[in-house]
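A.B. asks: One file is attached below, coords06.pdb, containing PDB, C-alpha atoms.
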ATOM      1  CA  MET S 234    -125.761  94.837  54.496
ATOM      2  CA  ARG S 235    -123.998  94.948  57.824
ATOM      3  CA  PRO S 236    -120.605  93.217  57.597
ATOM      4  CA  ILE S 237    -119.672  94.304  61.132
ATOM      5  CA  LEU S 238    -122.296  93.203  63.629
ATOM      6  CA  PHE S 239    -120.955  95.300  66.503
ATOM      7  CA  ASN S 240    -117.709  96.076  68.316
ATOM      8  CA  ILE S 241    -116.438  94.258  71.396
ATOM      9  CA  PHE S 242    -113.926  96.331  73.365
ATOM     10  CA  GLY S 243    -113.150  98.240  70.204
ATOM     11  CA  GLU S 244    -112.685  95.115  68.064
ATOM     12  CA  PRO S 245    -115.134  94.520  65.169
ATOM     13  CA  LEU S 246    -117.207  91.331  65.186
ATOM     14  CA  SER S 247    -117.818  89.999  61.664
ATOM     15  CA  SER S 248    -121.493  89.237  61.084
ATOM     16  CA  TYR S 249    -120.497  86.565  58.564
ATOM     17  CA  TYR S 250    -118.355  84.586  60.996
ATOM     18  CA  PHE S 251    -120.773  85.214  63.872
ATOM     19  CA  PHE S 252    -123.673  83.543  62.065
ATOM     20  CA  ILE S 253    -121.473  80.787  60.631
ATOM     21  CA  THR S 254    -120.310  80.026  64.175
ATOM     22  CA  LEU S 255    -123.868  80.198  65.519
ATOM     23  CA  GLY S 256    -124.998  77.820  62.776
ATOM     24  CA  ILE S 257    -122.238  75.380  63.701
ATOM     25  CA  LEU S 258    -123.178  75.481  67.392
ATOM     26  CA  VAL S 259    -126.909  74.992  66.795
ATOM     27  CA  GLY S 260    -126.212  72.327  64.170
ATOM     28  CA  THR S 261    -123.970  70.486  66.654
ATOM     29  CA  TYR S 262    -126.791  70.534  69.202
ATOM     30  CA  VAL S 263    -129.198  69.075  66.610
ATOM     31  CA  LEU S 264    -126.661  66.353  65.804
ATOM     32  CA  TYR S 265    -126.186  65.576  69.507
ATOM     33  CA  ASN S 266    -129.948  65.454  70.091
ATOM     34  CA  ASN S 267    -130.551  63.203  67.061
ATOM     35  CA  SER S 268    -127.757  60.871  68.151
ATOM     36  CA  LYS S 269    -129.098  60.634  71.695
ATOM     37  CA  LYS S 270    -132.615  59.786  70.525
ATOM     38  CA  ALA S 271    -131.274  57.194  68.075
ATOM     39  CA  GLY S 272    -129.142  55.502  70.741
ATOM     40  CA  LEU S 273    -125.860  56.404  69.057
ATOM     41  CA  ASN S 274    -122.715  57.097  71.053
ATOM     42  CA  THR S 275    -122.926  60.843  71.617
ATOM     43  CA  ALA S 276    -119.199  61.144  72.335
ATOM     44  CA  TYR S 277    -118.449  59.686  68.908
ATOM     45  CA  MET S 278    -120.925  62.061  67.296
ATOM     46  CA  LEU S 279    -119.287  65.054  68.947
ATOM     47  CA  ASP S 280    -116.023  63.805  67.434
ATOM     48  CA  ILE S 281    -117.834  63.812  64.099
ATOM     49  CA  ALA S 282    -118.919  67.418  64.679
ATOM     50  CA  ILE S 283    -115.294  68.481  65.201
ATOM     51  CA  ILE S 284    -114.177  66.513  62.140
ATOM     52  CA  CYS S 285    -116.903  68.145  60.035
ATOM     53  CA  ILE S 286    -116.035  71.647  61.237
ATOM     54  CA  ILE S 287    -112.327  71.355  60.414
ATOM     55  CA  SER S 288    -112.669  69.445  57.137
ATOM     56  CA  GLY S 289    -115.695  71.553  56.192
ATOM     57  CA  TYR S 290    -113.709  74.777  56.406
ATOM     58  CA  ILE S 291    -110.906  73.242  54.329
ATOM     59  CA  GLY S 292    -113.275  71.723  51.779
ATOM     60  CA  GLY S 293    -115.357  74.877  51.530
ATOM     61  CA  ARG S 294    -112.239  76.915  50.841
ATOM     62  CA  LEU S 295    -110.907  74.448  48.258
ATOM     63  CA  PHE S 296    -114.202  74.282  46.353
ATOM     64  CA  HIS S 297    -114.424  78.073  46.309
ATOM     65  CA  ILE S 298    -110.924  78.328  44.860
ATOM     66  CA  LEU S 299    -111.345  75.511  42.330
ATOM     67  CA  PHE S 300    -114.930  76.056  41.181
ATOM     68  CA  SER S 301    -116.011  79.608  42.017
ATOM     69  CA  MET S 302    -113.028  81.806  41.112
ATOM     70  CA  PRO S 303    -110.196  79.656  39.693
ATOM     71  CA  SER S 304    -108.907  82.320  37.290
ATOM     72  CA  TYR S 305    -108.752  84.941  40.049
ATOM     73  CA  TYR S 306    -106.728  82.735  42.394
ATOM     74  CA  ALA S 307    -104.447  81.680  39.540
ATOM     75  CA  GLU S 308    -103.526  85.359  39.199
ATOM     76  CA  HIS S 309    -103.425  85.974  42.971
ATOM     77  CA  PRO S 310    -102.106  82.693  44.459
ATOM     78  CA  LEU S 311    -101.098  84.198  47.804
ATOM     79  CA  GLU S 312    -104.752  85.067  48.491
ATOM     80  CA  ILE S 313    -105.531  81.352  48.596
ATOM     81  CA  PHE S 314    -104.262  81.372  52.169
ATOM     82  CA  GLN S 315    -106.121  84.530  53.224
ATOM     83  CA  PHE S 316    -109.086  82.560  54.533
ATOM     84  CA  TRP S 317    -110.070  85.302  56.994
ATOM     85  CA  LYS S 318    -111.290  87.383  54.050
ATOM     86  CA  GLY S 319    -114.022  84.820  53.369
ATOM     87  CA  GLY S 320    -114.611  82.789  50.252
ATOM     88  CA  TYR S 321    -116.145  79.399  50.974
ATOM     89  CA  ALA S 322    -118.372  77.080  48.931
ATOM     90  CA  ILE S 323    -120.905  75.062  50.888
ATOM     91  CA  TYR S 324    -120.698  72.063  48.550
ATOM     92  CA  GLY S 325    -117.068  71.656  49.560
ATOM     93  CA  ALA S 326    -118.055  71.966  53.208
ATOM     94  CA  ILE S 327    -120.550  69.124  52.676
ATOM     95  CA  ILE S 328    -118.731  66.762  50.322
ATOM     96  CA  PHE S 329    -115.150  66.995  51.628
ATOM     97  CA  PRO S 330    -115.979  65.878  55.206
ATOM     98  CA  ILE S 331    -117.670  62.709  53.906
ATOM     99  CA  LEU S 332    -114.264  61.095  53.342
ATOM    100  CA  PHE S 333    -113.238  61.753  56.953
ATOM    101  CA  ILE S 334    -116.622  60.616  58.275
ATOM    102  CA  TYR S 335    -116.165  57.358  56.373
ATOM    103  CA  LEU S 336    -112.661  56.836  57.797
ATOM    104  CA  TYR S 337    -113.824  57.622  61.321
ATOM    105  CA  ALA S 338    -116.803  55.283  60.964
ATOM    106  CA  LYS S 339    -114.481  52.479  59.842
ATOM    107  CA  TYR S 340    -112.215  53.148  62.822
ATOM    108  CA  ARG S 341    -115.101  53.134  65.307
ATOM    109  CA  LYS S 342    -116.936  50.308  63.504
ATOM    110  CA  ILE S 343    -120.061  52.393  62.963
ATOM    111  CA  ARG S 344    -122.176  52.393  59.822
ATOM    112  CA  THR S 345    -121.418  55.570  57.897
ATOM    113  CA  LEU S 346    -125.088  56.042  57.028
ATOM    114  CA  HIS S 347    -125.997  56.016  60.722
ATOM    115  CA  ILE S 348    -123.793  59.080  61.083
ATOM    116  CA  THR S 349    -124.884  60.923  57.949
ATOM    117  CA  ASP S 350    -128.582  60.333  58.680
ATOM    118  CA  ALA S 351    -128.196  62.059  62.050
ATOM    119  CA  LEU S 352    -126.039  64.752  60.470
ATOM    120  CA  ALA S 353    -128.354  65.723  57.587
ATOM    121  CA  PRO S 354    -130.925  67.721  59.622
ATOM    122  CA  ALA S 355    -128.080  69.367  61.542
ATOM    123  CA  LEU S 356    -126.466  70.561  58.306
ATOM    124  CA  SER S 357    -129.771  72.015  57.144
ATOM    125  CA  MET S 358    -130.230  73.932  60.386
ATOM    126  CA  GLY S 359    -126.655  75.223  60.121
ATOM    127  CA  THR S 360    -127.357  76.411  56.573
ATOM    128  CA  PHE S 361    -130.519  78.212  57.677
ATOM    129  CA  ILE S 362    -128.590  80.216  60.271
ATOM    130  CA  GLY S 363    -125.285  80.577  58.439
ATOM    131  CA  ARG S 364    -126.842  82.110  55.330
ATOM    132  CA  ILE S 365    -127.992  85.078  57.410
ATOM    133  CA  GLY S 366    -124.278  85.886  57.660
ATOM    134  CA  CYS S 367    -124.083  85.858  53.850
ATOM    135  CA  LEU S 368    -126.931  88.372  53.697
ATOM    136  CA  LEU S 369    -125.268  90.749  56.151
ATOM    137  CA  GLN S 370    -121.863  90.322  54.513
ATOM    138  CA  GLY S 371    -123.274  90.990  51.051
ATOM    139  CA  CYS S 372    -121.849  87.866  49.405
ATOM    140  CA  CYS S 373    -123.819  85.282  47.389
ATOM    141  CA  TYR S 374    -125.884  88.168  46.005
ATOM    142  CA  GLY S 375    -128.629  87.907  43.431
ATOM    143  CA  LYS S 376    -129.325  89.349  40.016
ATOM    144  CA  ILE S 377    -130.796  92.808  39.552
ATOM    145  CA  SER S 378    -134.539  92.514  39.983
ATOM    146  CA  SER S 379    -137.737  94.514  40.400
ATOM    147  CA  VAL S 380    -139.652  91.861  42.348
ATOM    148  CA  PRO S 381    -141.540  93.313  45.356
ATOM    149  CA  TRP S 382    -139.286  91.488  47.821
ATOM    150  CA  ALA S 383    -136.006  92.646  46.236
ATOM    151  CA  ILE S 384    -133.376  94.087  48.574
ATOM    152  CA  THR S 385    -130.878  96.847  47.816
ATOM    153  CA  ASP S 386    -127.137  96.329  48.021
ATOM    154  CA  ALA S 387    -124.434  98.767  49.148
ATOM    155  CA  PHE S 388    -124.752 100.591  45.813
ATOM    156  CA  ASP S 389    -128.529 100.974  46.198
ATOM    157  CA  VAL S 390    -129.201  98.402  43.458
ATOM    158  CA  ALA S 391    -132.288  96.199  43.916
ATOM    159  CA  ARG S 392    -131.464  92.500  43.696
ATOM    160  CA  HIS S 393    -132.981  89.066  44.293
ATOM    161  CA  PRO S 394    -132.370  88.236  47.990
ATOM    162  CA  THR S 395    -130.720  84.921  47.133
ATOM    163  CA  GLN S 396    -129.160  84.721  50.589
ATOM    164  CA  ILE S 397    -132.678  84.678  52.051
ATOM    165  CA  TYR S 398    -133.750  82.067  49.492
ATOM    166  CA  LEU S 399    -130.840  79.867  50.585
ATOM    167  CA  SER S 400    -131.588  80.414  54.258
ATOM    168  CA  LEU S 401    -135.300  79.564  53.915
ATOM    169  CA  HIS S 402    -134.371  76.562  51.800
ATOM    170  CA  GLY S 403    -132.252  75.342  54.711
ATOM    171  CA  LEU S 404    -135.146  75.794  57.147
ATOM    172  CA  ILE S 405    -137.591  73.927  54.901
ATOM    173  CA  MET S 406    -135.066  71.126  54.473
ATOM    174  CA  PHE S 407    -134.595  70.889  58.239
ATOM    175  CA  LEU S 408    -138.337  70.495  58.836
ATOM    176  CA  ILE S 409    -138.666  67.808  56.147
ATOM    177  CA  LEU S 410    -135.526  65.915  57.144
ATOM    178  CA  ALA S 411    -136.372  65.992  60.856
ATOM    179  CA  HIS S 412    -139.644  64.237  59.992
ATOM    180  CA  ILE S 413    -137.929  61.721  57.716
ATOM    181  CA  TYR S 414    -135.247  60.966  60.318
ATOM    182  CA  LYS S 415    -137.875  60.371  62.990
ATOM    183  CA  ASN S 416    -139.779  57.943  60.764
ATOM    184  CA  LYS S 417    -137.031  56.532  58.534
ATOM    185  CA  LYS S 418    -137.412  52.994  57.223
ATOM    186  CA  TYR S 419    -133.807  52.307  56.236
ATOM    187  CA  ASP S 420    -130.275  53.560  56.810
ATOM    188  CA  GLY S 421    -129.442  56.329  54.377
ATOM    189  CA  GLN S 422    -132.992  57.539  53.827
ATOM    190  CA  THR S 423    -132.380  60.926  55.471
ATOM    191  CA  THR S 424    -128.991  61.232  53.771
ATOM    192  CA  TYR S 425    -130.348  60.588  50.299
ATOM    193  CA  TRP S 426    -133.249  62.996  50.809
ATOM    194  CA  TYR S 427    -130.814  65.633  52.040
ATOM    195  CA  PHE S 428    -128.858  65.504  48.795
ATOM    196  CA  LEU S 429    -132.035  65.371  46.688
ATOM    197  CA  LEU S 430    -133.560  68.401  48.397
ATOM    198  CA  TYR S 431    -130.350  70.398  48.569
ATOM    199  CA  SER S 432    -129.269  69.768  44.978
ATOM    200  CA  SER S 433    -132.689  70.568  43.486
ATOM    201  CA  GLY S 434    -133.147  73.714  45.557
ATOM    202  CA  ARG S 435    -129.586  74.888  44.967
ATOM    203  CA  PHE S 436    -129.920  74.380  41.194
ATOM    204  CA  ILE S 437    -132.996  76.625  41.101
ATOM    205  CA  ILE S 438    -131.601  79.330  43.384
ATOM    206  CA  GLU S 439    -128.387  79.452  41.319
ATOM    207  CA  ILE S 440    -130.507  80.811  38.439
ATOM    208  CA  PHE S 441    -131.074  84.012  40.420
ATOM    209  CA  ARG S 442    -127.497  84.521  41.634
ATOM    210  CA  ALA S 443    -125.123  87.054  40.095
ATOM    211  CA  ASP S 444    -121.817  86.547  41.928
ATOM    212  CA  GLU S 445    -118.990  84.705  40.187
ATOM    213  CA  ARG S 446    -119.259  80.913  40.587
ATOM    214  CA  GLY S 447    -117.467  79.553  37.537
ATOM    215  CA  GLY S 448    -119.241  77.208  35.179
ATOM    216  CA  PHE S 449    -119.613  75.658  31.751
ATOM    217  CA  PHE S 450    -122.323  75.323  29.081
ATOM    218  CA  GLY S 451    -124.341  78.190  30.522
ATOM    219  CA  MET S 452    -124.523  76.628  33.988
ATOM    220  CA  SER S 453    -122.598  77.452  37.134
ATOM    221  CA  SER S 454    -120.176  74.899  38.565
ATOM    222  CA  PHE S 455    -122.579  74.266  41.416
ATOM    223  CA  GLN S 456    -125.505  73.622  39.093
ATOM    224  CA  MET S 457    -123.432  70.914  37.428
ATOM    225  CA  ILE S 458    -122.580  69.383  40.812
ATOM    226  CA  SER S 459    -126.269  69.621  41.712
ATOM    227  CA  ILE S 460    -127.289  67.611  38.656
ATOM    228  CA  VAL S 461    -124.894  64.787  39.563
ATOM    229  CA  LEU S 462    -126.058  64.689  43.185
ATOM    230  CA  PHE S 463    -129.727  64.892  42.211
ATOM    231  CA  VAL S 464    -129.481  61.931  39.839
ATOM    232  CA  TRP S 465    -127.495  59.872  42.358
ATOM    233  CA  SER S 466    -129.805  60.583  45.298
ATOM    234  CA  LEU S 467    -132.953  60.014  43.232
ATOM    235  CA  TYR S 468    -131.582  56.646  42.119
ATOM    236  CA  LYS S 469    -130.803  55.650  45.721
ATOM    237  CA  ILE S 470    -134.240  56.718  46.960
ATOM    238  CA  ARG S 471    -136.089  54.842  44.211
ATOM    239  CA  LYS S 472    -133.923  51.759  44.692
ATOM    240  CA  ASN S 473    -134.576  51.612  48.431
ATOM    241  CA  ARG S 474    -138.264  52.511  48.042
ATOM    242  CA  ASN S 475    -138.744  49.388  45.931
ATOM    243  CA  LYS S 476    -136.724  47.345  48.423
ATOM    244  CA  TYR S 477    -138.574  48.502  51.542
ATOM    245  CA  ALA S 478    -142.036  49.067  50.057
TER     246      ALA S 478
END
Please render this file's structure as structure tokens.
C.D. replies:
Amino acid sequence: MRPILFNIFGEPLSSYYFFITLGILVGTYVLYNNSKKAGLNTAYMLDIAIICIISGYIGGRLFHILFSMPSYYAEHPLEIFQFWKGGYAIYGAIIFPILFIYLYAKYRKIRTLHITDALAPALSMGTFIGRIGCLLQGCCYGKISSVPWAITDAFDVARHPTQIYLSLHGLIMFLILAHIYKNKKYDGQTTYWYFLLYSSGRFIIEIFRADERGGFFGMSSFQMISIVLFVWSLYKIRKNRNKYA
């Protein structure tokens, strides 16, 4: 763990926010590059990047409050607004911006799936980089484990490196989705595969996590969201596979 990356003129630089910011910047470049190759209006897509950043932060915070630690924030309501302390859920940062992407697409008369197809690999790359910040911050930690690749936390307890699992999952998704986007046969193909790959991988990795994430029936809140997204995306992929076979 290294929550402070280094000091700049005596001021600490948070490793968490550094890697989140780096992930956003690299992800924006991927989005811009995908848009340019696909002949989309790059100015519009940069608008989309800004929309996703702002709504993603809001959505990530809301999902964390509502699904990860609702009882804690019910007892400490003023901490809801202390966003600088961290506490974001990536599902909120993915799902919440979709509404604003849809509204922007309607305004600009662009197909929403054109946007989300270009965006999917960019999100995966951002996840790959951003999760390094989680590792250094010490959040999203795993269960106690004796596996050879376990890492020790601040209390010298060996745990599953779930932050690394999530980061590598993002990298694998990026490689797969970049290939799908390059060779896609229909609008939405990359989008649907993004949700299929993310939901299935997230469901499995959640098994090894130990931090509080809410939940019901023995599953975390995010495993339940994963099931819904997996079923939906699988249905859309199978439906379009039959249509474009």
A.B. asks: Interatomic distance between CA of Glu312 in chain S and CA of Gly359 in chain S?
C.D. replies: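 Taking CA of Glu312 in chain S and CA of Gly359 in chain S, their separation equals 26.7 Å.
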A.B. asks: Find, counting all atoms listed in the file, the residue in S:Met452, S:Ile298, S:Ala387, S:Ile331 that gets nearest to Pro236 in chain S.
C.D. replies: S:Ala387
A.B. asks: Work out how far CA of Gly366 in chain S is from CA of Ile327 in chain S, in Å to one decimal.
C.D. replies: 17.9 Å
A.B. asks: Extract, using all atoms listed in the file, all DNA, RNA and protein residues at most 10 Å from Ser400 in chain S, discarding same-chain residues fewer than 6 positions from it, and format them as a CSV table (one decimal) with C-alpha atoms, in the coordinates of the input.
C.D. replies:
chain,number,residue,atom,x,y,z
S,357,SER,CA,-129.8,72.0,57.1
S,358,MET,CA,-130.2,73.9,60.4
S,359,GLY,CA,-126.7,75.2,60.1
S,360,THR,CA,-127.4,76.4,56.6
S,361,PHE,CA,-130.5,78.2,57.7
S,362,ILE,CA,-128.6,80.2,60.3
S,363,GLY,CA,-125.3,80.6,58.4
S,364,ARG,CA,-126.8,82.1,55.3
S,365,ILE,CA,-128.0,85.1,57.4
S,366,GLY,CA,-124.3,85.9,57.7
S,367,CYS,CA,-124.1,85.9,53.8
S,368,LEU,CA,-126.9,88.4,53.7
S,406,MET,CA,-135.1,71.1,54.5
A.B. asks: List the spatial neighbours of range 457-468 of chain S as number ranges by chain - criterion: any atom at most 12 Å away, only C-alpha atoms, same-chain residues fewer than 2 positions off excluded.
C.D. replies: S: 296, 300, 322-325, 327-328, 421-439, 446-455, 470-475
A.B. asks: Could you tell me how far CA of Lys415 in chain S lies from CA of Ala271 in chain S, in Å and to one decimal?
C.D. replies: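 Rounded to one decimal, the two atoms are 8.9 Å apart.
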A.B. asks: Select, from S:Tyr265, S:Tyr419, S:Phe441, S:Tyr250, the residue with the minimum atom-to-atom distance to Lys469 in chain S, counting all atoms listed in the file.
C.D. replies: S:Tyr419
A.B. asks: Return as a list of chain:residue names the set of residues that the PyMOL selection byres ((chain S and resi 237) around 9) yields on the displayed structure.
C.D. replies: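 In the shown coordinates, the PyMOL selection byres ((chain S and resi 237) around 9) covers S:Arg235, S:Pro236, S:Leu238, S:Phe239, S:Asn240, S:Pro245, S:Leu246, S:Ser247, S:Ser248, S:Tyr249, S:Leu369, S:Gln370.
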A.B. asks: Quick one: everything within 6 Å of Ala383 in chain S, counting all atoms listed in the file, minus sequence neighbours fewer than 3 positions away in the same chain. Send it as a ChimeraX atom specification.
C.D. replies: /S:380,391-394
A.B. asks: Could the residues in this selection be saved with C-alpha atoms as a short mmCIF file (atom, residue, chain, number, x, y, z; two decimals), in the frame of the given file?
C.D. replies:
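Listed below is the output, out-v4.cif:
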data_model
loop_
_atom_site.label_atom_id
_atom_site.label_comp_id
_atom_site.auth_asym_id
_atom_site.auth_seq_id
_atom_site.Cartn_x
_atom_site.Cartn_y
_atom_site.Cartn_z
CA VAL S 380 -139.65 91.86 42.35
CA ALA S 391 -132.29 96.20 43.92
CA ARG S 392 -131.46 92.50 43.70
CA HIS S 393 -132.98 89.07 44.29
CA PRO S 394 -132.37 88.24 47.99
#
A.B. asks: Determine the nearest neighbour of Thr395 in chain S from the options S:Leu408, S:Leu352, S:Ile440, S:Ile284, counting only C-alpha atoms.
C.D. replies: S:Ile440
A.B. asks: Could you tell me which of S:Ser379, S:Gln315, S:Ser288, S:Ser304 comes closest to Ile334 in chain S if we count all atoms listed in the file?
C.D. replies: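 Among the listed residues, S:Ser288 lies closest to Ile334 in chain S.
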